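Data block below; observations after.
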Amino acid sequence: MPDEMQIGPIPVVEETALVTTRKVVTGRVRIETRTEEITQSLATDLLSSEVEVIRVPVGRTVEAVPDVSENGDLTIIPVVEERLVVTRELYLREEIHIRRVERRETIDVPVTTRRQTARIERLSPDGDLLEPDQSPSKDDDDDL
């Protein structure tokens, strides 16, 4: 049979799509930072303590050495001596009164601080300057 049909596999063909990406420079950014020093005065409180020493003559006889006593911010330290009379007796010669006095004073202390600012420029792929950046800068906010 010359006109015989041949039976065999039939090839199946399918088309597929492939998507790829590549990097393309569309622009550049230049960032410049600047540090500036700001001198300002800050007020602060200084606290100092002074001690006043006052000698108070007493001149009386005592039976025993008095204890150191405190009355608020006053400390009393007894000073005694022995005197020979017909008998020995303690004689309170003087007391030393110590009072603590605090004073507060406000002074201005100059200090120097540093602050950095950034300037951003947008450039084309060729390096040409594009529109200036309109974002707020640290220089626009005077918060000191």
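Ligands are numbered from 1 in the order shown, chains are lettered A, B, ... in the order of the structure tokens, and residues start at 1 in each chain.
Here the DSSP assignment of strand (DSSP E or B), based on backbone atoms, applies within range 2-44 of chain A to Arg28, Val29, Arg30, Ile31, Glu32, Thr33, Arg34, Thr35, Glu36, Glu37, Ile38, Thr39, Gln40, Ser41, Leu42, Ala43 and Thr44 of chain A.
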Those residues with C-alpha atoms, as a CSV table (one decimal), in the first residue's frame please?
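Wrote it out as selection20.csv, contents follow:
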```csv
chain,number,residue,atom,x,y,z
A,28,ARG,CA,22.7,60.2,41.0
A,29,VAL,CA,22.6,61.8,44.4
A,30,ARG,CA,25.4,63.9,46.0
A,31,ILE,CA,25.3,64.4,49.8
A,32,GLU,CA,27.6,66.9,51.5
A,33,THR,CA,27.8,67.2,55.3
A,34,ARG,CA,29.0,70.2,57.2
A,35,THR,CA,29.8,70.6,60.9
A,36,GLU,CA,29.4,73.9,62.6
A,37,GLU,CA,30.1,75.0,66.1
A,38,ILE,CA,27.6,76.9,68.1
A,39,THR,CA,28.6,78.8,71.2
A,40,GLN,CA,25.9,79.5,73.8
A,41,SER,CA,25.6,80.4,77.4
A,42,LEU,CA,23.8,78.0,79.7
A,43,ALA,CA,22.6,79.1,83.2
A,44,THR,CA,23.4,76.7,86.0
```
Distance table requested - range 58-80 of chain A against range 48-53 of chain A, cut-off 12 Å, only C-alpha atoms: one row per qualifying residue with the closest atom pair and its distance in Å to one decimal, ordered by chain and rising residue number, as CSV.
```
residue,atom,partner,partner_atom,distance
A:Asp73,CA,A:Val51,CA,10.3
A:Leu74,CA,A:Glu52,CA,9.7
A:Thr75,CA,A:Val53,CA,9.9
A:Ile76,CA,A:Val53,CA,10.1
A:Ile77,CA,A:Val53,CA,10.7
```
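Taking CA of Arg55 in chain A as the reference point, CA of Glu95 in chain A is found at 6.1 Å.
With only C-alpha atoms as the basis for measurement, A:Val56 is the residue among A:Val56, A:Val111, A:Val13, A:Ala118 that approaches Arg93 in chain A most closely.
As for CA of Leu47 in chain A and CA of Arg104 in chain A, they are spaced 5.0 Å apart.
Checking A:Arg103, A:Lys23, A:Arg88, A:Arg114 one by one against Ala64 in chain A, counting only C-alpha atoms, you find the shortest gap at A:Arg88.
For the atom pair formed by CA of Ile54 in chain A and CA of Val79 in chain A, the distance is 12.8 Å, given to one decimal.
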